[in-house]
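Peer 1: Contents of my_file.pdb (PDB, C-alpha atoms, pLDDT in the B column):
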```pdb
ATOM      1  CA  MET A   3      50.098  87.191  80.133  1.00 44.00           C
ATOM      2  CA  PRO A   4      53.153  87.626  77.888  1.00 43.00           C
ATOM      3  CA  SER A   5      56.217  85.689  78.831  1.00 42.00           C
ATOM      4  CA  GLN A   6      59.288  87.657  79.725  1.00 42.00           C
ATOM      5  CA  ARG A   7      62.496  86.715  77.988  1.00 39.00           C
ATOM      6  CA  ARG A   8      65.933  87.631  79.130  1.00 36.00           C
ATOM      7  CA  ALA A   9      68.274  89.167  76.663  1.00 38.00           C
ATOM      8  CA  PRO A  10      71.112  86.766  75.862  1.00 38.00           C
ATOM      9  CA  ALA A  11      74.170  87.377  77.975  1.00 38.00           C
ATOM     10  CA  ALA A  12      76.961  89.156  76.215  1.00 40.00           C
ATOM     11  CA  VAL A  13      79.838  86.850  75.458  1.00 39.00           C
ATOM     12  CA  PRO A  14      83.049  88.414  76.751  1.00 43.00           C
ATOM     13  CA  ASP A  15      85.815  88.744  74.214  1.00 43.00           C
ATOM     14  CA  ALA A  16      89.200  87.119  74.765  1.00 41.00           C
ATOM     15  CA  SER A  17      90.892  90.384  75.707  1.00 42.00           C
ATOM     16  CA  SER A  18      88.552  91.054  78.634  1.00 45.00           C
ATOM     17  CA  THR A  19      88.735  87.516  80.036  1.00 48.00           C
ATOM     18  CA  ALA A  20      92.511  87.409  79.750  1.00 53.00           C
ATOM     19  CA  HIS A  21      92.831  89.996  82.539  1.00 66.00           C
ATOM     20  CA  ALA A  22      89.739  89.098  84.566  1.00 88.00           C
ATOM     21  CA  THR A  23      90.248  87.544  87.957  1.00 94.00           C
ATOM     22  CA  ARG A  24      89.805  83.803  87.751  1.00 96.00           C
ATOM     23  CA  VAL A  25      87.218  82.548  90.233  1.00 97.00           C
ATOM     24  CA  LEU A  26      87.612  79.199  91.945  1.00 97.00           C
ATOM     25  CA  LYS A  27      84.838  77.774  94.104  1.00 97.00           C
ATOM     26  CA  LYS A  28      85.537  75.580  97.089  1.00 97.00           C
ATOM     27  CA  TYR A  29      82.852  73.049  97.880  1.00 95.00           C
ATOM     28  CA  PRO A  30      82.150  71.384 101.245  1.00 91.00           C
ATOM     29  CA  ASN A  31      83.720  68.159  99.948  1.00 88.00           C
ATOM     30  CA  ARG A  32      87.004  70.179  99.843  1.00 87.00           C
ATOM     31  CA  ARG A  33      87.091  70.130  96.042  1.00 94.00           C
ATOM     32  CA  LEU A  34      88.026  73.209  94.052  1.00 96.00           C
ATOM     33  CA  TYR A  35      86.043  74.106  90.964  1.00 97.00           C
ATOM     34  CA  ASP A  36      87.468  76.412  88.288  1.00 97.00           C
ATOM     35  CA  THR A  37      84.623  78.489  86.855  1.00 96.00           C
ATOM     36  CA  ARG A  38      86.705  79.480  83.810  1.00 96.00           C
ATOM     37  CA  THR A  39      87.363  75.912  82.643  1.00 95.00           C
ATOM     38  CA  SER A  40      84.240  74.388  84.239  1.00 96.00           C
ATOM     39  CA  SER A  41      86.293  71.638  85.828  1.00 96.00           C
ATOM     40  CA  TYR A  42      87.591  70.503  89.184  1.00 96.00           C
ATOM     41  CA  ILE A  43      91.209  71.315  89.940  1.00 97.00           C
ATOM     42  CA  THR A  44      93.788  70.436  92.577  1.00 95.00           C
ATOM     43  CA  LEU A  45      96.041  72.491  94.847  1.00 95.00           C
ATOM     44  CA  ALA A  46      98.848  71.709  92.401  1.00 95.00           C
ATOM     45  CA  ASP A  47      96.841  73.504  89.710  1.00 97.00           C
ATOM     46  CA  VAL A  48      96.341  76.496  92.008  1.00 97.00           C
ATOM     47  CA  LYS A  49     100.091  76.498  92.707  1.00 96.00           C
ATOM     48  CA  GLN A  50     100.700  76.688  88.948  1.00 96.00           C
ATOM     49  CA  MET A  51      98.378  79.707  88.777  1.00 97.00           C
ATOM     50  CA  VAL A  52     100.451  81.363  91.511  1.00 96.00           C
ATOM     51  CA  LEU A  53     103.704  80.531  89.709  1.00 93.00           C
ATOM     52  CA  GLY A  54     102.218  81.948  86.512  1.00 94.00           C
ATOM     53  CA  ALA A  55     101.285  85.165  88.369  1.00 92.00           C
ATOM     54  CA  GLU A  56      97.644  84.661  87.414  1.00 96.00           C
ATOM     55  CA  ASP A  57      95.006  86.681  89.274  1.00 96.00           C
ATOM     56  CA  PHE A  58      92.503  84.420  91.000  1.00 97.00           C
ATOM     57  CA  GLU A  59      90.331  84.220  94.043  1.00 97.00           C
ATOM     58  CA  VAL A  60      88.880  81.263  95.880  1.00 97.00           C
ATOM     59  CA  ARG A  61      85.310  81.608  97.124  1.00 97.00           C
ATOM     60  CA  ASP A  62      83.241  79.310  99.322  1.00 96.00           C
ATOM     61  CA  ALA A  63      80.639  77.860  96.957  1.00 95.00           C
ATOM     62  CA  LYS A  64      77.868  78.182  99.533  1.00 95.00           C
ATOM     63  CA  THR A  65      78.576  81.460 101.349  1.00 96.00           C
ATOM     64  CA  GLY A  66      80.757  83.339  98.856  1.00 96.00           C
ATOM     65  CA  GLU A  67      83.350  83.950 101.591  1.00 97.00           C
ATOM     66  CA  ASP A  68      86.849  84.706 100.284  1.00 97.00           C
ATOM     67  CA  LEU A  69      89.070  81.676 101.021  1.00 97.00           C
ATOM     68  CA  THR A  70      92.058  82.689  98.905  1.00 97.00           C
ATOM     69  CA  ARG A  71      94.433  83.232 101.831  1.00 96.00           C
ATOM     70  CA  SER A  72      93.579  79.897 103.428  1.00 96.00           C
ATOM     71  CA  ILE A  73      94.220  78.068 100.138  1.00 97.00           C
ATOM     72  CA  LEU A  74      97.564  79.869  99.718  1.00 96.00           C
ATOM     73  CA  LEU A  75      98.496  78.955 103.302  1.00 95.00           C
ATOM     74  CA  GLN A  76      97.538  75.345 102.559  1.00 95.00           C
ATOM     75  CA  ILE A  77      99.916  75.337  99.570  1.00 95.00           C
ATOM     76  CA  ILE A  78     102.683  76.791 101.753  1.00 94.00           C
ATOM     77  CA  LEU A  79     102.037  74.099 104.380  1.00 93.00           C
ATOM     78  CA  GLU A  80     102.341  71.361 101.756  1.00 92.00           C
ATOM     79  CA  GLU A  81     105.553  72.897 100.416  1.00 92.00           C
ATOM     80  CA  GLU A  82     107.001  73.217 103.923  1.00 92.00           C
ATOM     81  CA  SER A  83     106.097  69.609 104.762  1.00 90.00           C
ATOM     82  CA  GLY A  84     107.915  68.128 101.808  1.00 85.00           C
ATOM     83  CA  GLY A  85     111.328  68.587 100.309  1.00 77.00           C
ATOM     84  CA  VAL A  86     113.330  71.562 101.511  1.00 80.00           C
ATOM     85  CA  PRO A  87     111.444  73.878 103.891  1.00 88.00           C
ATOM     86  CA  MET A  88     111.878  77.612 103.443  1.00 88.00           C
ATOM     87  CA  PHE A  89     111.177  78.644 107.035  1.00 90.00           C
ATOM     88  CA  SER A  90     113.211  77.506 110.007  1.00 90.00           C
ATOM     89  CA  GLN A  91     111.485  76.644 113.259  1.00 91.00           C
ATOM     90  CA  GLU A  92     112.810  79.890 114.749  1.00 93.00           C
ATOM     91  CA  ALA A  93     111.488  81.964 111.819  1.00 90.00           C
ATOM     92  CA  LEU A  94     108.028  80.447 112.211  1.00 91.00           C
ATOM     93  CA  ALA A  95     108.127  81.073 115.972  1.00 93.00           C
ATOM     94  CA  GLN A  96     109.087  84.725 115.352  1.00 88.00           C
ATOM     95  CA  ILE A  97     106.166  85.161 112.947  1.00 88.00           C
ATOM     96  CA  ILE A  98     103.758  83.669 115.505  1.00 91.00           C
ATOM     97  CA  ARG A  99     105.050  86.067 118.156  1.00 89.00           C
ATOM     98  CA  PHE A 100     103.935  89.027 116.035  1.00 87.00           C
ATOM     99  CA  TYR A 101     100.268  87.966 116.015  1.00 90.00           C
ATOM    100  CA  GLY A 102      98.255  90.145 118.352  1.00 89.00           C
ATOM    101  CA  HIS A 103     101.165  92.537 118.809  1.00 85.00           C
ATOM    102  CA  ALA A 104     101.021  96.233 117.965  1.00 82.00           C
ATOM    103  CA  MET A 105     103.607  95.611 115.225  1.00 80.00           C
ATOM    104  CA  GLN A 106     101.554  92.879 113.472  1.00 85.00           C
ATOM    105  CA  GLY A 107     100.463  95.139 110.604  1.00 84.00           C
ATOM    106  CA  LEU A 108     103.950  96.531 110.116  1.00 83.00           C
ATOM    107  CA  MET A 109     105.416  93.026 110.111  1.00 83.00           C
ATOM    108  CA  GLY A 110     103.136  91.950 107.262  1.00 85.00           C
ATOM    109  CA  THR A 111     104.014  95.019 105.224  1.00 85.00           C
ATOM    110  CA  MET A 112     107.735  94.575 105.865  1.00 83.00           C
ATOM    111  CA  LEU A 113     107.631  90.894 104.887  1.00 85.00           C
ATOM    112  CA  GLU A 114     105.767  91.765 101.699  1.00 88.00           C
ATOM    113  CA  LYS A 115     108.252  94.496 100.743  1.00 85.00           C
ATOM    114  CA  ASN A 116     111.250  92.335 101.643  1.00 83.00           C
ATOM    115  CA  LEU A 117     109.915  89.469  99.521  1.00 84.00           C
ATOM    116  CA  ALA A 118     109.363  91.863  96.608  1.00 86.00           C
ATOM    117  CA  ALA A 119     112.931  93.197  96.991  1.00 82.00           C
ATOM    118  CA  PHE A 120     114.295  89.663  97.167  1.00 80.00           C
ATOM    119  CA  ALA A 121     112.334  88.646  94.047  1.00 83.00           C
ATOM    120  CA  GLU A 122     113.741  91.688  92.235  1.00 84.00           C
ATOM    121  CA  LEU A 123     117.270  90.731  93.298  1.00 78.00           C
ATOM    122  CA  GLN A 124     116.691  87.169  92.133  1.00 77.00           C
ATOM    123  CA  GLY A 125     115.401  88.467  88.793  1.00 80.00           C
ATOM    124  CA  GLN A 126     118.533  90.585  88.370  1.00 79.00           C
ATOM    125  CA  LEU A 127     120.765  87.615  89.178  1.00 74.00           C
ATOM    126  CA  LEU A 128     118.892  85.443  86.695  1.00 74.00           C
ATOM    127  CA  ALA A 129     119.143  88.130  84.020  1.00 77.00           C
ATOM    128  CA  GLN A 130     122.886  88.582  84.600  1.00 73.00           C
ATOM    129  CA  SER A 131     123.553  84.859  84.423  1.00 70.00           C
ATOM    130  CA  LYS A 132     121.267  84.222  81.438  1.00 70.00           C
ATOM    131  CA  GLY A 133     122.758  81.686  79.100  1.00 63.00           C
ATOM    132  CA  LEU A 134     124.915  80.064  81.770  1.00 62.00           C
ATOM    133  CA  TYR A 135     122.210  77.609  82.811  1.00 62.00           C
ATOM    134  CA  ASP A 136     118.515  76.830  82.457  1.00 62.00           C
ATOM    135  CA  PRO A 137     116.785  78.753  85.309  1.00 56.00           C
ATOM    136  CA  LYS A 138     113.861  76.288  85.278  1.00 61.00           C
ATOM    137  CA  ALA A 139     116.278  73.438  85.978  1.00 60.00           C
ATOM    138  CA  LEU A 140     117.547  75.020  89.186  1.00 61.00           C
ATOM    139  CA  SER A 141     116.234  73.245  92.256  1.00 64.00           C
ATOM    140  CA  PRO A 142     116.330  75.074  95.607  1.00 64.00           C
ATOM    141  CA  GLU A 143     119.495  73.130  96.452  1.00 68.00           C
ATOM    142  CA  MET A 144     121.174  74.109  93.162  1.00 67.00           C
ATOM    143  CA  TRP A 145     120.112  77.746  93.641  1.00 62.00           C
ATOM    144  CA  THR A 146     121.723  77.708  97.105  1.00 66.00           C
ATOM    145  CA  GLN A 147     124.917  76.229  95.660  1.00 66.00           C
ATOM    146  CA  PHE A 148     124.868  78.833  92.889  1.00 63.00           C
ATOM    147  CA  LEU A 149     124.532  81.693  95.373  1.00 62.00           C
ATOM    148  CA  SER A 150     127.141  80.309  97.762  1.00 65.00           C
ATOM    149  CA  GLY A 151     129.583  79.991  94.860  1.00 62.00           C
ATOM    150  CA  GLN A 152     129.221  83.660  93.974  1.00 59.00           C
ATOM    151  CA  ALA A 153     131.743  86.294  94.854  1.00 55.00           C
ATOM    152  CA  PRO A 154     131.799  87.573  98.436  1.00 65.00           C
ATOM    153  CA  ALA A 155     130.271  90.783  97.089  1.00 61.00           C
ATOM    154  CA  LEU A 156     126.918  89.004  96.739  1.00 65.00           C
ATOM    155  CA  GLN A 157     127.133  87.753 100.307  1.00 67.00           C
ATOM    156  CA  ASN A 158     128.040  91.264 101.456  1.00 72.00           C
ATOM    157  CA  LEU A 159     125.063  92.651  99.528  1.00 70.00           C
ATOM    158  CA  MET A 160     122.670  90.300 101.315  1.00 70.00           C
ATOM    159  CA  ASN A 161     124.278  90.943 104.702  1.00 75.00           C
ATOM    160  CA  SER A 162     124.056  94.698 104.109  1.00 75.00           C
ATOM    161  CA  TYR A 163     120.392  94.398 103.172  1.00 72.00           C
ATOM    162  CA  VAL A 164     119.599  92.427 106.343  1.00 75.00           C
ATOM    163  CA  GLU A 165     121.520  94.888 108.498  1.00 78.00           C
ATOM    164  CA  GLN A 166     119.711  97.865 106.937  1.00 76.00           C
ATOM    165  CA  SER A 167     116.341  96.230 107.682  1.00 75.00           C
ATOM    166  CA  ARG A 168     117.410  95.527 111.251  1.00 76.00           C
ATOM    167  CA  ALA A 169     118.740  99.076 111.739  1.00 77.00           C
ATOM    168  CA  MET A 170     115.450 100.502 110.477  1.00 72.00           C
ATOM    169  CA  LEU A 171     113.478  98.378 112.945  1.00 70.00           C
ATOM    170  CA  GLU A 172     115.791  99.291 115.802  1.00 73.00           C
ATOM    171  CA  LYS A 173     115.462 102.972 114.926  1.00 72.00           C
ATOM    172  CA  MET A 174     111.686 102.613 114.974  1.00 67.00           C
ATOM    173  CA  GLN A 175     111.918 100.856 118.314  1.00 64.00           C
ATOM    174  CA  GLY A 176     114.020 103.736 119.609  1.00 63.00           C
ATOM    175  CA  ALA A 177     114.681 103.446 123.308  1.00 47.00           C
ATOM    176  CA  GLY A 178     112.040 100.767 123.732  1.00 52.00           C
ATOM    177  CA  SER A 179     109.242 103.216 124.395  1.00 46.00           C
ATOM    178  CA  LEU A 180     107.591 103.285 120.944  1.00 50.00           C
ATOM    179  CA  PHE A 181     106.641  99.603 120.778  1.00 53.00           C
ATOM    180  CA  PRO A 182     107.602  97.989 124.104  1.00 55.00           C
ATOM    181  CA  GLY A 183     108.313  94.283 123.932  1.00 57.00           C
ATOM    182  CA  MET A 184     108.481  94.124 120.157  1.00 55.00           C
ATOM    183  CA  PRO A 185     109.291  90.454 119.407  1.00 55.00           C
ATOM    184  CA  GLY A 186     112.919  89.880 118.524  1.00 55.00           C
ATOM    185  CA  PHE A 187     114.006  93.367 119.545  1.00 51.00           C
ATOM    186  CA  PRO A 188     114.366  93.751 123.300  1.00 53.00           C
ATOM    187  CA  PRO A 189     114.124  97.339 124.566  1.00 49.00           C
ATOM    188  CA  THR A 190     117.430  99.163 124.797  1.00 45.00           C
ATOM    189  CA  ARG A 191     118.598 100.100 128.270  1.00 45.00           C
ATOM    190  CA  LYS A 192     120.063 103.542 128.942  1.00 41.00           C
TER     191      LYS A 192
END
```
Now that the file is in, can you turn its structure into structure tokens?
Peer 2:
Amino acid sequence: MPSQRRAPAAVPDASSTAHATRVLKKYPNRRLYDTRTSSYITLADVKQMVLGAEDFEVRDAKTGEDLTRSILLQIILEEESGGVPMFSQEALAQIIRFYGHAMQGLMGTMLEKNLAAFAELQGQLLAQSKGLYDPKALSPEMWTQFLSGQAPALQNLMNSYVEQSRAMLEKMQGAGSLFPGMPGFPPTRK
């Protein structure tokens, strides 16, 4: 009986692997394995991938289940536990109140779009102030000081943005009949 040989696997060129999604495997011992570099990595390494805007996914090594969100949440938890937290207790409570509510899907979309708009605003501020400082040297505290030292126009811009978001939500809420009991927006009384 003749033996069957497999054709050698095609070796991907550098251009195709540069844009391919990086796959990380999570093992039961809680270790993360990078299939691209064939090495174990830490959450700090995953955080660097996020900061570098690298496409990746985390898969359970045994079941293949997508664990990317849980790893990202774990990084957020570590960041919130140390240094300067981003979310206040009230903000976290508001987010929790949206789970299981009719507006849960909308809340996620709005947060995503607001974060994208904020990142765009930050990019514009960094571009306008290029040469005045090293953006990589700015800690969250220094960034806050930088923003608070800006002209009142910047503060007005942020306040206007927040008010527009609130007005849009209130308009969607209408007279309280569209989404009754929407967290943070009590129904309006006539």
Peer 1: Using all atoms listed in the file, which residue out of A:Arg168, A:Gln91, A:Asn158, A:Arg24 lies closest to Glu59 of chain A?
Peer 2: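 Once distances to Glu59 of chain A are computed over all atoms listed in the file, the minimum belongs to A:Arg24.
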Peer 1: Using only C-alpha atoms, which residue out of A:Leu171, A:Leu127, A:Leu53, A:Asp62 lies closest to Met109 of chain A?
Peer 2: A:Leu171
Peer 1: Using only C-alpha atoms, which of the listed residues (A:Leu94, A:Val48, A:Val164, A:Ile73) sits closest to Phe120 of chain A?
Peer 2: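 Using only C-alpha atoms, Phe120 of chain A sits closest to A:Val164.
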Peer 1: Which residue, A:Tyr42, A:Pro87, A:Met160, A:Ala22, has the smallest gap to Phe58 of chain A when you use all atoms listed in the file?
Peer 2: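 Ranking A:Tyr42, A:Pro87, A:Met160, A:Ala22 by distance to Phe58 of chain A, first place goes to A:Ala22.
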Peer 1: If we count all atoms listed in the file, what is near Ile77 of chain A at a cut-off of 12 Å, once residues fewer than 2 positions away on the same chain are taken out, given as a list in words?
Peer 2: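 The filter keeps Thr44, Leu45, Ala46, Asp47, Val48, Lys49, Gln50, Met51, Val52, Leu53, Thr70, Arg71, Ser72, Ile73, Leu74, Leu75, Leu79, Glu80, Glu81, Glu82, Ser83 and Gly84 of chain A.
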Peer 1: Identify which of the residues A:Ala104, A:Ile98, A:Met112, A:Leu26 lies closest to Leu69 of chain A, counting all atoms listed in the file when measuring atom-to-atom distances.
Peer 2: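 Smallest distance to Leu69 of chain A is found for A:Leu26.
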Peer 1: Quick one, how far is atom CA of Lys64 of chain A from atom CA of Thr37 of chain A?
Peer 2: 14.4 Å
Peer 1: In Å, how far is it from atom CA of Glu122 of chain A to atom CA of Phe100 of chain A?
Peer 2: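 Distance between the two atoms: 25.9 Å.
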Peer 1: Any idea what the distance is between atom CA of Arg61 of chain A and atom CA of Thr111 of chain A?
Peer 2: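 Taking atom CA of Arg61 of chain A and atom CA of Thr111 of chain A, their separation equals 24.4 Å.
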Peer 1: Any chance you could resolve the PyMOL selection byres ((chain A and resi 29) around 9) against this file and give the residues as JSON, numbers by chain?
Peer 2: {"A": [27, 28, 30, 31, 32, 33, 34, 35, 61, 62, 63, 64]}
Peer 1: Can I get the selected residues back with C-alpha atoms, as a short mmCIF file (atom, residue, chain, number, x, y, z; two decimals), in the frame of the given file?
Peer 2:
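Saved as out-v9.cif:
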```cif
data_model
loop_
_atom_site.label_atom_id
_atom_site.label_comp_id
_atom_site.auth_asym_id
_atom_site.auth_seq_id
_atom_site.Cartn_x
_atom_site.Cartn_y
_atom_site.Cartn_z
CA LYS A 27 84.84 77.77 94.10
CA LYS A 28 85.54 75.58 97.09
CA PRO A 30 82.15 71.38 101.24
CA ASN A 31 83.72 68.16 99.95
CA ARG A 32 87.00 70.18 99.84
CA ARG A 33 87.09 70.13 96.04
CA LEU A 34 88.03 73.21 94.05
CA TYR A 35 86.04 74.11 90.96
CA ARG A 61 85.31 81.61 97.12
CA ASP A 62 83.24 79.31 99.32
CA ALA A 63 80.64 77.86 96.96
CA LYS A 64 77.87 78.18 99.53
#
```
Peer 1: Box for segment 45-60 of chain A: with edges along x, y and z, all listed atoms inside and 5 Å added on each side, what are the centre and edge lengths in Å to one decimal, as AutoDock Vina command-line options?
Peer 2:
```
--center_x 96.3 --center_y 79.2 --center_z 91.2 --size_x 24.8 --size_y 25.0 --size_z 19.4
```
Peer 1: If we count only C-alpha atoms, what is near Leu113 of chain A at a cut-off of 12 Å, once residues fewer than 5 positions away on the same chain are taken out, given as a ChimeraX atom specification?
Peer 2: /A:93,97,100,106-108,118-120,167
